[in-house]
$ cat start-v3.pdb   # PDB, C-alpha atoms
MODEL        1
ATOM      1  CA  MET A  12      31.905  72.111  60.498
ATOM      2  CA  SER A  13      30.919  70.775  63.927
ATOM      3  CA  ILE A  14      32.037  67.418  65.300
ATOM      4  CA  ALA A  15      28.537  66.032  64.819
ATOM      5  CA  ALA A  16      28.479  67.197  61.196
ATOM      6  CA  ALA A  17      31.933  65.725  60.593
ATOM      7  CA  ILE A  18      30.794  62.351  61.953
ATOM      8  CA  ARG A  19      27.623  62.346  59.877
ATOM      9  CA  ALA A  20      29.558  63.360  56.731
ATOM     10  CA  GLY A  21      32.353  60.888  57.394
ATOM     11  CA  ASP A  22      34.913  63.691  57.013
ATOM     12  CA  VAL A  23      37.709  63.100  59.529
ATOM     13  CA  ALA A  24      39.602  66.135  58.201
ATOM     14  CA  GLU A  25      36.983  68.317  59.901
ATOM     15  CA  LEU A  26      37.537  66.814  63.344
ATOM     16  CA  PRO A  27      39.465  69.005  65.829
ATOM     17  CA  GLY A  28      43.167  68.313  66.231
ATOM     18  CA  LYS A  29      46.282  69.428  68.059
ATOM     19  CA  ARG A  30      46.537  72.599  65.992
ATOM     20  CA  ASP A  31      43.283  73.759  67.572
ATOM     21  CA  GLU A  32      44.375  75.344  70.845
ATOM     22  CA  ASP A  33      41.488  74.009  72.930
ATOM     23  CA  TRP A  34      42.022  70.502  71.530
ATOM     24  CA  ARG A  35      45.804  70.203  71.563
ATOM     25  CA  TRP A  36      45.759  67.524  74.268
ATOM     26  CA  THR A  37      42.765  65.651  72.809
ATOM     27  CA  ASP A  38      43.704  65.242  69.171
ATOM     28  CA  LEU A  39      40.879  63.540  67.276
ATOM     29  CA  ARG A  40      42.078  64.324  63.776
ATOM     30  CA  GLY A  41      45.452  62.684  64.365
ATOM     31  CA  LEU A  42      43.902  59.634  65.995
ATOM     32  CA  ILE A  43      41.076  58.837  63.567
ATOM     33  CA  ARG A  44      42.525  58.256  60.123
ATOM     34  CA  GLN A  45      39.421  56.793  58.521
ATOM     35  CA  ALA A  46      35.803  57.606  59.223
ATOM     36  CA  PRO A  47      33.816  54.680  60.611
ATOM     37  CA  PRO A  48      30.533  53.665  58.981
ATOM     38  CA  ALA A  49      27.332  54.961  60.500
ATOM     39  CA  SER A  50      26.313  53.137  63.662
ATOM     40  CA  GLN A  51      23.434  50.729  63.396
ATOM     41  CA  PRO A  52      20.318  51.126  65.554
ATOM     42  CA  VAL A  53      20.667  49.467  68.938
ATOM     43  CA  ASP A  54      18.108  48.061  71.357
ATOM     44  CA  PRO A  55      18.450  49.893  74.691
ATOM     45  CA  ASP A  56      17.205  46.798  76.515
ATOM     46  CA  ALA A  57      20.454  45.080  75.564
ATOM     47  CA  PHE A  58      22.249  47.309  78.078
ATOM     48  CA  GLY A  59      20.102  46.347  81.029
ATOM     49  CA  HIS A  60      19.326  48.905  83.727
ATOM     50  CA  GLY A  61      21.175  52.188  84.012
ATOM     51  CA  PRO A  62      22.983  53.312  87.171
ATOM     52  CA  PHE A  63      20.327  55.909  88.046
ATOM     53  CA  ASP A  64      17.110  54.252  86.822
ATOM     54  CA  ALA A  65      15.790  53.473  90.296
ATOM     55  CA  LEU A  66      16.076  57.116  91.363
ATOM     56  CA  ALA A  67      14.243  58.694  88.448
ATOM     57  CA  ASP A  68      10.657  59.676  87.740
ATOM     58  CA  GLU A  69      11.409  59.059  84.071
ATOM     59  CA  VAL A  70      14.187  57.441  82.008
ATOM     60  CA  ARG A  71      15.109  58.898  78.616
ATOM     61  CA  VAL A  72      17.477  57.162  76.207
ATOM     62  CA  LEU A  73      19.731  58.324  73.390
ATOM     63  CA  ALA A  74      21.078  55.153  71.755
ATOM     64  CA  ASN A  75      23.712  55.260  68.981
ATOM     65  CA  GLY A  76      22.559  58.760  68.120
ATOM     66  CA  GLY A  77      18.962  57.833  67.399
ATOM     67  CA  GLU A  78      16.114  60.277  67.808
ATOM     68  CA  ASP A  79      16.713  63.580  69.558
ATOM     69  CA  VAL A  80      15.680  63.790  73.210
ATOM     70  CA  ARG A  81      13.772  66.735  74.705
ATOM     71  CA  ILE A  82      13.282  67.154  78.455
ATOM     72  CA  GLU A  83      11.007  69.906  79.773
ATOM     73  CA  VAL A  84      10.125  70.990  83.287
ATOM     74  CA  GLY A  85       7.162  73.335  83.627
ATOM     75  CA  PRO A  86       6.889  76.414  85.851
ATOM     76  CA  GLY A  87       7.167  75.503  89.515
ATOM     77  CA  SER A  88       7.416  71.770  88.756
ATOM     78  CA  ALA A  89      10.051  69.339  90.023
ATOM     79  CA  ARG A  90      11.355  66.247  88.225
ATOM     80  CA  VAL A  91      14.121  63.689  88.461
ATOM     81  CA  VAL A  92      15.106  62.401  85.016
ATOM     82  CA  ALA A  93      17.665  59.732  84.137
ATOM     83  CA  LEU A  94      19.282  60.356  80.754
ATOM     84  CA  ARG A  95      21.130  57.352  79.340
ATOM     85  CA  VAL A  96      23.511  57.947  76.415
ATOM     86  CA  LEU A  97      24.176  54.469  75.020
ATOM     87  CA  SER A  98      26.738  53.442  72.408
ATOM     88  CA  ARG A  99      27.476  50.025  70.946
ATOM     89  CA  GLY A 100      29.484  48.748  67.996
ATOM     90  CA  ASP A 101      32.260  50.129  65.814
ATOM     91  CA  GLY A 102      30.398  52.870  63.949
ATOM     92  CA  GLY A 103      30.035  56.607  64.248
ATOM     93  CA  HIS A 104      26.987  58.455  65.547
ATOM     94  CA  ALA A 105      25.842  61.795  66.936
ATOM     95  CA  GLY A 106      22.763  62.743  68.928
ATOM     96  CA  ARG A 107      21.178  65.793  70.518
ATOM     97  CA  VAL A 108      19.462  66.499  73.822
ATOM     98  CA  ALA A 109      17.525  69.658  74.701
ATOM     99  CA  VAL A 110      16.703  70.450  78.332
ATOM    100  CA  ILE A 111      14.385  73.337  79.226
ATOM    101  CA  VAL A 112      13.546  74.248  82.823
ATOM    102  CA  ALA A 113      10.907  76.963  83.137
ATOM    103  CA  LEU A 114      10.451  79.688  85.732
ATOM    104  CA  GLY A 115      10.903  78.284  89.239
ATOM    105  CA  GLY A 116      11.233  74.681  88.002
ATOM    106  CA  ARG A 117      13.452  72.065  89.611
ATOM    107  CA  LEU A 118      15.304  69.330  87.733
ATOM    108  CA  THR A 119      17.710  66.646  88.848
ATOM    109  CA  LEU A 120      19.328  65.324  85.668
ATOM    110  CA  LEU A 121      21.054  61.971  86.236
ATOM    111  CA  GLU A 122      23.104  61.425  83.100
ATOM    112  CA  SER A 123      25.072  58.289  82.243
ATOM    113  CA  TYR A 124      27.309  57.327  79.320
ATOM    114  CA  GLU A 125      27.430  53.587  78.759
ATOM    115  CA  GLY A 126      29.331  51.981  75.904
ATOM    116  CA  GLU A 127      30.586  48.773  74.310
ATOM    117  CA  GLY A 128      32.914  48.653  71.314
ATOM    118  CA  SER A 129      35.203  51.032  69.441
ATOM    119  CA  TYR A 130      32.566  53.574  68.443
ATOM    120  CA  LEU A 131      32.989  57.254  67.628
ATOM    121  CA  GLY A 132      30.199  59.019  69.496
ATOM    122  CA  HIS A 133      29.090  62.600  70.003
ATOM    123  CA  ALA A 134      26.351  64.024  72.210
ATOM    124  CA  ALA A 135      25.323  67.685  72.047
ATOM    125  CA  LEU A 136      23.257  69.057  74.924
ATOM    126  CA  THR A 137      21.585  72.427  75.307
ATOM    127  CA  ILE A 138      20.327  73.290  78.786
ATOM    128  CA  GLY A 139      18.238  76.375  79.489
ATOM    129  CA  VAL A 140      17.570  77.337  83.115
ATOM    130  CA  ALA A 141      14.984  80.100  83.557
ATOM    131  CA  GLU A 142      14.769  82.719  86.276
ATOM    132  CA  GLY A 143      14.590  81.220  89.738
ATOM    133  CA  ALA A 144      14.894  77.654  88.397
ATOM    134  CA  ALA A 145      17.380  75.075  89.674
ATOM    135  CA  VAL A 146      19.172  72.173  87.985
ATOM    136  CA  GLU A 147      21.522  69.604  89.427
ATOM    137  CA  ARG A 148      23.289  67.616  86.705
ATOM    138  CA  ILE A 149      25.201  64.503  87.735
ATOM    139  CA  VAL A 150      27.153  62.764  84.976
ATOM    140  CA  LEU A 151      28.590  59.252  85.239
ATOM    141  CA  ALA A 152      30.698  58.510  82.145
ATOM    142  CA  ALA A 153      31.578  54.832  81.670
ATOM    143  CA  ASP A 154      32.558  54.745  78.006
ATOM    144  CA  SER A 155      34.281  51.753  76.449
ATOM    145  CA  ALA A 156      38.072  51.632  76.739
ATOM    146  CA  ASP A 157      38.291  51.440  72.910
ATOM    147  CA  ALA A 158      35.873  54.287  72.195
ATOM    148  CA  VAL A 159      36.226  57.889  71.128
ATOM    149  CA  SER A 160      33.502  59.866  72.875
ATOM    150  CA  VAL A 161      32.701  63.581  73.016
ATOM    151  CA  SER A 162      29.945  65.243  75.024
ATOM    152  CA  GLN A 163      29.427  68.987  74.632
ATOM    153  CA  ALA A 164      26.906  70.859  76.762
ATOM    154  CA  GLN A 165      25.817  74.464  76.276
ATOM    155  CA  VAL A 166      24.167  75.847  79.417
ATOM    156  CA  GLN A 167      22.385  79.193  79.576
ATOM    157  CA  LEU A 168      21.291  80.573  82.925
ATOM    158  CA  GLU A 169      18.905  83.403  83.680
ATOM    159  CA  GLY A 170      18.985  85.706  86.698
ATOM    160  CA  GLY A 171      18.454  83.985  90.029
ATOM    161  CA  ALA A 172      18.936  80.517  88.508
ATOM    162  CA  THR A 173      20.994  77.775  90.164
ATOM    163  CA  PHE A 174      23.011  75.181  88.257
ATOM    164  CA  ALA A 175      25.105  72.514  89.964
ATOM    165  CA  GLN A 176      27.094  69.925  88.029
ATOM    166  CA  THR A 177      29.269  66.964  88.971
ATOM    167  CA  VAL A 178      30.997  64.919  86.255
ATOM    168  CA  LEU A 179      32.618  61.586  87.114
ATOM    169  CA  THR A 180      34.514  59.649  84.474
ATOM    170  CA  SER A 181      36.789  56.667  83.935
ATOM    171  CA  GLY A 182      37.837  57.858  80.467
ATOM    172  CA  ALA A 183      38.073  56.091  77.102
ATOM    173  CA  ARG A 184      40.554  55.767  74.261
ATOM    174  CA  ARG A 185      39.804  59.455  73.771
ATOM    175  CA  GLN A 186      37.107  61.213  75.732
ATOM    176  CA  ARG A 187      36.094  64.829  76.173
ATOM    177  CA  LEU A 188      33.369  66.079  78.483
ATOM    178  CA  GLU A 189      32.896  69.770  77.785
ATOM    179  CA  THR A 190      30.564  72.268  79.426
ATOM    180  CA  GLN A 191      30.139  75.904  78.417
ATOM    181  CA  VAL A 192      28.000  78.133  80.618
ATOM    182  CA  GLY A 193      26.532  81.542  79.872
ATOM    183  CA  HIS A 194      26.341  83.172  83.308
ATOM    184  CA  PRO A 195      24.050  86.224  83.487
ATOM    185  CA  GLY A 196      25.077  87.466  86.911
ATOM    186  CA  GLY A 197      21.885  88.647  88.599
ATOM    187  CA  HIS A 198      22.541  86.457  91.664
ATOM    188  CA  ALA A 199      22.609  83.272  89.581
ATOM    189  CA  GLU A 200      24.723  80.568  91.234
ATOM    190  CA  LEU A 201      26.919  78.000  89.515
ATOM    191  CA  ARG A 202      28.760  75.006  90.943
ATOM    192  CA  MET A 203      30.705  72.904  88.464
ATOM    193  CA  ASP A 204      32.737  69.930  89.728
ATOM    194  CA  GLY A 205      34.519  66.936  88.262
ATOM    195  CA  VAL A 206      36.298  63.687  89.104
ATOM    196  CA  TYR A 207      38.434  61.638  86.726
ATOM    197  CA  LEU A 208      39.799  58.211  87.699
ATOM    198  CA  LEU A 209      41.979  56.854  84.912
ATOM    199  CA  SER A 210      43.990  53.665  84.466
ATOM    200  CA  ASP A 211      45.574  51.598  81.680
ATOM    201  CA  LYS A 212      45.805  53.835  78.586
ATOM    202  CA  ARG A 213      42.558  55.700  79.099
ATOM    203  CA  HIS A 214      42.238  59.406  78.375
ATOM    204  CA  ALA A 215      39.756  61.947  79.743
ATOM    205  CA  ASP A 216      39.476  65.656  78.992
ATOM    206  CA  LEU A 217      37.302  67.809  81.253
ATOM    207  CA  THR A 218      36.952  71.206  79.620
ATOM    208  CA  THR A 219      34.800  74.036  80.964
ATOM    209  CA  VAL A 220      34.184  77.636  79.958
ATOM    210  CA  VAL A 221      32.125  79.998  82.127
ATOM    211  CA  THR A 222      31.367  83.507  80.897
ATOM    212  CA  HIS A 223      30.091  85.997  83.477
ATOM    213  CA  ALA A 224      28.214  88.659  81.527
ATOM    214  CA  ALA A 225      26.845  90.951  84.254
ATOM    215  CA  VAL A 226      27.041  91.884  87.911
ATOM    216  CA  ASP A 227      26.487  89.749  91.016
ATOM    217  CA  GLY A 228      27.186  86.210  89.812
ATOM    218  CA  THR A 229      28.966  83.353  91.600
ATOM    219  CA  THR A 230      30.903  80.341  90.325
ATOM    220  CA  ASP A 231      32.447  77.634  92.491
ATOM    221  CA  GLN A 232      34.421  74.941  90.675
ATOM    222  CA  LEU A 233      36.389  71.961  92.018
ATOM    223  CA  THR A 234      37.919  69.148  89.950
ATOM    224  CA  LYS A 235      40.076  66.290  91.191
ATOM    225  CA  GLY A 236      41.746  63.479  89.293
ATOM    226  CA  VAL A 237      43.700  60.281  89.839
ATOM    227  CA  VAL A 238      45.762  58.762  87.014
ATOM    228  CA  ARG A 239      47.841  55.601  86.952
ATOM    229  CA  ASP A 240      49.531  53.236  84.460
ATOM    230  CA  GLN A 241      49.778  55.076  81.113
ATOM    231  CA  ALA A 242      46.588  57.097  81.485
ATOM    232  CA  ARG A 243      46.279  60.775  80.638
ATOM    233  CA  GLY A 244      44.048  63.333  82.308
ATOM    234  CA  VAL A 245      43.321  66.758  80.863
ATOM    235  CA  PHE A 246      41.698  69.660  82.674
ATOM    236  CA  GLN A 247      40.983  72.943  80.924
ATOM    237  CA  GLY A 248      38.956  75.454  82.891
ATOM    238  CA  ARG A 249      38.336  79.013  81.805
ATOM    239  CA  ILE A 250      36.350  81.645  83.662
ATOM    240  CA  VAL A 251      35.737  84.870  81.762
ATOM    241  CA  VAL A 252      34.486  87.956  83.611
ATOM    242  CA  ALA A 253      33.236  90.401  81.001
ATOM    243  CA  GLU A 254      33.517  94.162  81.211
ATOM    244  CA  GLY A 255      30.885  95.468  83.606
ATOM    245  CA  ALA A 256      30.404  92.134  85.419
ATOM    246  CA  ASP A 257      31.335  93.694  88.744
ATOM    247  CA  ARG A 258      30.938  91.903  92.073
ATOM    248  CA  THR A 259      31.552  88.545  90.409
ATOM    249  CA  ASP A 260      32.727  85.877  92.857
ATOM    250  CA  ALA A 261      34.436  83.059  90.933
ATOM    251  CA  ARG A 262      36.723  80.346  92.255
ATOM    252  CA  MET A 263      38.294  77.360  90.504
ATOM    253  CA  GLY A 264      40.424  74.537  91.869
ATOM    254  CA  HIS A 265      42.035  71.578  90.102
ATOM    255  CA  HIS A 266      44.078  68.972  91.948
ATOM    256  CA  ALA A 267      45.433  65.658  90.637
ATOM    257  CA  LEU A 268      47.362  62.642  91.862
ATOM    258  CA  ILE A 269      49.752  60.814  89.536
ATOM    259  CA  LEU A 270      50.273  57.250  90.760
ATOM    260  CA  SER A 271      52.767  55.974  88.184
ATOM    261  CA  ASP A 272      55.773  57.300  86.291
ATOM    262  CA  ARG A 273      54.151  56.935  82.862
ATOM    263  CA  ALA A 274      50.837  58.610  83.672
ATOM    264  CA  GLU A 275      50.276  62.227  82.651
ATOM    265  CA  VAL A 276      48.138  65.191  83.639
ATOM    266  CA  ASP A 277      47.820  68.347  81.550
ATOM    267  CA  ALA A 278      46.104  71.234  83.311
ATOM    268  CA  LYS A 279      45.265  74.718  82.097
ATOM    269  CA  PRO A 280      43.153  76.780  84.534
ATOM    270  CA  GLU A 281      42.511  80.321  83.296
ATOM    271  CA  LEU A 282      40.913  83.520  84.533
ATOM    272  CA  GLU A 283      40.145  86.317  82.082
ATOM    273  CA  ILE A 284      38.966  89.380  83.990
ATOM    274  CA  TYR A 285      37.797  92.554  82.286
ATOM    275  CA  ALA A 286      35.872  94.037  85.234
ATOM    276  CA  ASP A 287      36.709  95.803  88.471
ATOM    277  CA  ASP A 288      35.532  94.969  91.994
ATOM    278  CA  VAL A 289      35.626  91.176  91.589
ATOM    279  CA  SER A 290      36.718  88.312  93.819
ATOM    280  CA  CYS A 291      38.319  85.644  91.623
ATOM    281  CA  ALA A 292      40.938  82.960  92.257
ATOM    282  CA  HIS A 293      42.183  79.664  90.906
ATOM    283  CA  GLY A 294      44.464  76.926  92.195
ATOM    284  CA  ASN A 295      46.169  73.964  90.556
ATOM    285  CA  THR A 296      48.278  71.143  92.034
ATOM    286  CA  VAL A 297      49.590  67.914  90.529
ATOM    287  CA  GLY A 298      51.562  65.493  92.675
ATOM    288  CA  ALA A 299      51.831  62.094  94.338
ATOM    289  CA  LEU A 300      50.240  60.602  97.429
ATOM    290  CA  ASP A 301      51.353  61.955 100.782
ATOM    291  CA  GLU A 302      54.051  59.483 101.814
ATOM    292  CA  ASP A 303      53.751  60.434 105.479
ATOM    293  CA  ALA A 304      50.030  59.651 105.509
ATOM    294  CA  LEU A 305      50.733  56.370 103.692
ATOM    295  CA  PHE A 306      53.416  55.487 106.261
ATOM    296  CA  TYR A 307      51.096  56.179 109.201
ATOM    297  CA  ALA A 308      48.352  54.037 107.679
ATOM    298  CA  ARG A 309      50.748  51.141 107.159
ATOM    299  CA  GLN A 310      52.043  51.524 110.717
ATOM    300  CA  ARG A 311      48.481  50.905 111.864
ATOM    301  CA  GLY A 312      48.360  47.610 110.025
ATOM    302  CA  VAL A 313      46.598  48.725 106.839
ATOM    303  CA  PRO A 314      47.968  46.856 103.780
ATOM    304  CA  GLU A 315      49.681  49.173 101.313
ATOM    305  CA  ALA A 316      47.152  48.659  98.507
ATOM    306  CA  ASP A 317      44.261  49.348 100.873
ATOM    307  CA  ALA A 318      46.023  52.370 102.332
ATOM    308  CA  ARG A 319      46.591  53.878  98.888
ATOM    309  CA  ALA A 320      42.959  53.284  97.946
ATOM    310  CA  MET A 321      41.771  54.808 101.225
ATOM    311  CA  LEU A 322      43.867  57.935 100.757
ATOM    312  CA  THR A 323      42.879  58.428  97.125
ATOM    313  CA  GLU A 324      39.225  57.851  97.983
ATOM    314  CA  ALA A 325      39.437  60.551 100.640
ATOM    315  CA  PHE A 326      41.171  62.838  98.134
ATOM    316  CA  VAL A 327      38.343  62.717  95.575
ATOM    317  CA  GLY A 328      35.661  62.357  98.239
ATOM    318  CA  GLU A 329      35.631  66.107  98.760
ATOM    319  CA  VAL A 330      34.090  66.485  95.307
ATOM    320  CA  VAL A 331      31.591  63.654  95.720
ATOM    321  CA  ASP A 332      30.424  65.081  99.053
ATOM    322  CA  ARG A 333      29.278  68.247  97.258
ATOM    323  CA  ILE A 334      26.595  66.359  95.306
ATOM    324  CA  GLY A 335      23.231  67.549  96.573
ATOM    325  CA  HIS A 336      21.018  64.566  95.668
ATOM    326  CA  GLU A 337      21.641  62.113  98.498
ATOM    327  CA  ALA A 338      20.897  58.849  96.678
ATOM    328  CA  ALA A 339      22.895  59.883  93.620
ATOM    329  CA  ARG A 340      25.743  60.892  95.919
ATOM    330  CA  GLU A 341      25.827  57.370  97.374
ATOM    331  CA  ILE A 342      25.904  55.851  93.876
ATOM    332  CA  ALA A 343      28.780  58.162  92.972
ATOM    333  CA  ARG A 344      30.637  57.262  96.155
ATOM    334  CA  ALA A 345      30.265  53.530  95.432
ATOM    335  CA  TRP A 346      31.399  54.064  91.823
ATOM    336  CA  VAL A 347      34.550  55.843  93.022
ATOM    337  CA  ALA A 348      35.318  53.180  95.633
ATOM    338  CA  GLU A 349      34.915  50.364  93.099
ATOM    339  CA  ARG A 350      37.429  51.926  90.718
ATOM    340  CA  LEU A 351      39.964  52.714  93.388
ATOM    341  CA  ARG A 352      39.946  49.320  95.072
TER     342      ARG A 352
ENDMDL
END
$ encode --input "start-v3.pdb" --output "structure tokens"
Amino acid sequence: MSIAAAIRAGDVAELPGKRDEDWRWTDLRGLIRQAPPASQPVDPDAFGHGPFDALADEVRVLANGGEDVRIEVGPGSARVVALRVLSRGDGGHAGRVAVIVALGGRLTLLESYEGEGSYLGHAALTIGVAEGAAVERIVLAADSADAVSVSQAQVQLEGGATFAQTVLTSGARRQRLETQVGHPGGHAELRMDGVYLLSDKRHADLTTVVTHAAVDGTTDQLTKGVVRDQARGVFQGRIVVAEGADRTDARMGHHALILSDRAEVDAKPELEIYADDVSCAHGNTVGALDEDALFYARQRGVPEADARAMLTEAFVGEVVDRIGHEAAREIARAWVAERLR
């Protein structure tokens, strides 16, 4: 049974838990002892404007599950769409979004998660990117601190397609943002980045799986996180290079700062390579702020709190700078600065 089916059936025993290897750090079954009632319909206008509304040609809304959303871009067309996933109340809900980008199409998908209450929410996305098409997906996840929220995206690329993704999150009581990509090789290009900024007792799990199925594909992945207080960050990244997927170029990096003794980061970067003639690498670091850099900043008269914020902002700024859409990049940069200062 899927998470969405478990929520709709009210069967918490079917939720994933710590005995499921890919969910051992984001245990839903152990956390949710009793299924919440179904969420009530919610008026999207009650949330006001979304963070990306002003940049979009069209705004689509998925509120407390509600009706499924379908976004299509025709051959050779270009669109900028804001997708708002809204949750309110103490109930449980699940919704679906289908995104289809046809031959040579261009889509900028500006996706936001906005929540109030202690809801249990699930969003399932399927994204198809045809030959020669390009998608940039920018996700800003601002779930409620009391919520349990799961977003799972299935992305399928065709030869010559380009898919670029940046996920930024401040976490929730439990939160998982998962992306699985079917990579066809054939000179398709994938960039998949993430930023998590966590405080208090918030939790965020960024999980990705990329499967290279054939020759001549590239993947470039960079995730950075900052955790403080009693927060917990989880990064699970897996790149699979199937037999025969020669000349794959795949690189993954995860780097995190822990700013308090009680914060935690769990990281599991993986490469599974079944092909020859590939160029693949991954890196992972978890540590504290550079004390020398902090000392030099304070010597120049910068207050300690400002110096720490400046250094952490520069640390995650490398990821934000990779966002292609200029206006969305500025919104992301402001969002990061607000949470660090």
$ residues_around --input "start-v3.pdb" --residues "Ala339 in chain A" --least-positions-apart "5" --cutoff "10 Å" --atoms "all atoms listed in the file" --output "list in words"
Pro62, Phe63, Leu66, Thr119, Leu121, Ile149, Val331, Ile334, Arg344 and Ala345 of chain A
$ write_last_selection --input "start-v3.pdb" --atoms "C-alpha atoms" --output "PDB file, keeping the file's coordinate frame"
ATOM      1  CA  PRO A  62      22.983  53.312  87.171  1.00  0.00           C
ATOM      2  CA  PHE A  63      20.327  55.909  88.046  1.00  0.00           C
ATOM      3  CA  LEU A  66      16.076  57.116  91.363  1.00  0.00           C
ATOM      4  CA  THR A 119      17.710  66.646  88.848  1.00  0.00           C
ATOM      5  CA  LEU A 121      21.054  61.971  86.236  1.00  0.00           C
ATOM      6  CA  ILE A 149      25.201  64.503  87.735  1.00  0.00           C
ATOM      7  CA  VAL A 331      31.591  63.654  95.720  1.00  0.00           C
ATOM      8  CA  ILE A 334      26.595  66.359  95.306  1.00  0.00           C
ATOM      9  CA  ARG A 344      30.637  57.262  96.155  1.00  0.00           C
ATOM     10  CA  ALA A 345      30.265  53.530  95.432  1.00  0.00           C
TER      11      ALA A 345
END
$ residues_around --input "start-v3.pdb" --residues "range 101-106 of chain A" --least-positions-apart "3" --cutoff "6 Å" --atoms "only C-alpha atoms" --output "ChimeraX atom specification"
/A:15,47-50,75-76,128-134
$ axis_aligned_box --input "start-v3.pdb" --around "range 199-206 of chain A" --padding-each-side "4 Å" --output "lines of an AutoDock Vina configuration file"
center_x = 29.5
center_y = 73.5
center_z = 89.7
size_x = 21.7
size_y = 27.6
size_z = 11.0
$ residues_around --input "start-v3.pdb" --residues "range 188-201 of chain A" --least-positions-apart "2" --cutoff "7 Å" --atoms "all atoms listed in the file" --output "MDAnalysis selection string"
chainID A and resid 161:175 186 203 216:231
$ atom_distance --input "start-v3.pdb" --atom1 "CA of Ala152 in chain A" --atom2 "CA of Ala292 in chain A"
28.4 Å
$ resolve_selection --input "start-v3.pdb" --expression "the PyMOL selection byres ((chain A and resi 83) around 9)" --output "list of chain:residue names"
A:Arg81, A:Ile82, A:Val84, A:Gly85, A:Ala109, A:Val110, A:Ile111, A:Val112, A:Ala113
$ resolve_selection --input "start-v3.pdb" --expression "the PyMOL selection byres ((chain A and resi 233) around 10)" --output "PDB file with C-alpha atoms, in the coordinates of the input"
ATOM      1  CA  THR A 177      29.269  66.964  88.971  1.00  0.00           C
ATOM      2  CA  ARG A 202      28.760  75.006  90.943  1.00  0.00           C
ATOM      3  CA  MET A 203      30.705  72.904  88.464  1.00  0.00           C
ATOM      4  CA  ASP A 204      32.737  69.930  89.728  1.00  0.00           C
ATOM      5  CA  GLY A 205      34.519  66.936  88.262  1.00  0.00           C
ATOM      6  CA  VAL A 206      36.298  63.687  89.104  1.00  0.00           C
ATOM      7  CA  ASP A 231      32.447  77.634  92.491  1.00  0.00           C
ATOM      8  CA  GLN A 232      34.421  74.941  90.675  1.00  0.00           C
ATOM      9  CA  THR A 234      37.919  69.148  89.950  1.00  0.00           C
ATOM     10  CA  LYS A 235      40.076  66.290  91.191  1.00  0.00           C
ATOM     11  CA  ARG A 262      36.723  80.346  92.255  1.00  0.00           C
ATOM     12  CA  MET A 263      38.294  77.360  90.504  1.00  0.00           C
ATOM     13  CA  GLY A 264      40.424  74.537  91.869  1.00  0.00           C
ATOM     14  CA  HIS A 265      42.035  71.578  90.102  1.00  0.00           C
ATOM     15  CA  HIS A 266      44.078  68.972  91.948  1.00  0.00           C
ATOM     16  CA  HIS A 293      42.183  79.664  90.906  1.00  0.00           C
ATOM     17  CA  GLY A 294      44.464  76.926  92.195  1.00  0.00           C
ATOM     18  CA  GLU A 329      35.631  66.107  98.760  1.00  0.00           C
ATOM     19  CA  VAL A 330      34.090  66.485  95.307  1.00  0.00           C
ATOM     20  CA  ARG A 333      29.278  68.247  97.258  1.00  0.00           C
TER      21      ARG A 333
END
$ atom_distance --input "start-v3.pdb" --atom1 "CA of Val146 in chain A" --atom2 "CA of Gly116 in chain A"
8.3 Å
$ atom_distance --input "start-v3.pdb" --atom1 "CA of Arg319 in chain A" --atom2 "CA of Glu349 in chain A"
13.5 Å
$ residues_around --input "start-v3.pdb" --residues "Val245 in chain A" --least-positions-apart "3" --cutoff "10 Å" --atoms "only C-alpha atoms" --output "PyMOL selection string"
chain A and resi 36-37+186-187+207+214-218+236+248+275-279
$ residues_around --input "start-v3.pdb" --residues "Asp154 in chain A" --least-positions-apart "3" --cutoff "7 Å" --atoms "all atoms listed in the file" --output "count of residues only"
6
$ closest_residue --input "start-v3.pdb" --among "A:Ile138, A:Val150, A:Ile269, A:Val53" --to "Leu94 in chain A" --atoms "all atoms listed in the file"
A:Val150
$ resolve_selection --input "start-v3.pdb" --expression "the PyMOL selection byres ((chain A and resi 28) around 10)" --output "PyMOL selection string"
chain A and resi 24-27+29-42
$ closest_residue --input "start-v3.pdb" --among "A:Glu283, A:Glu69, A:Asp157, A:Glu142" --to "Arg184 in chain A" --atoms "all atoms listed in the file"
A:Asp157
$ closest_residue --input "start-v3.pdb" --among "A:Leu322, A:Ile342, A:Ala242, A:Ala67" --to "Val91 in chain A" --atoms "all atoms listed in the file"
A:Ala67
$ closest_residue --input "start-v3.pdb" --among "A:Ala16, A:Gly244, A:Trp346, A:Leu73" --to "Ala153 in chain A" --atoms "only C-alpha atoms"
A:Trp346
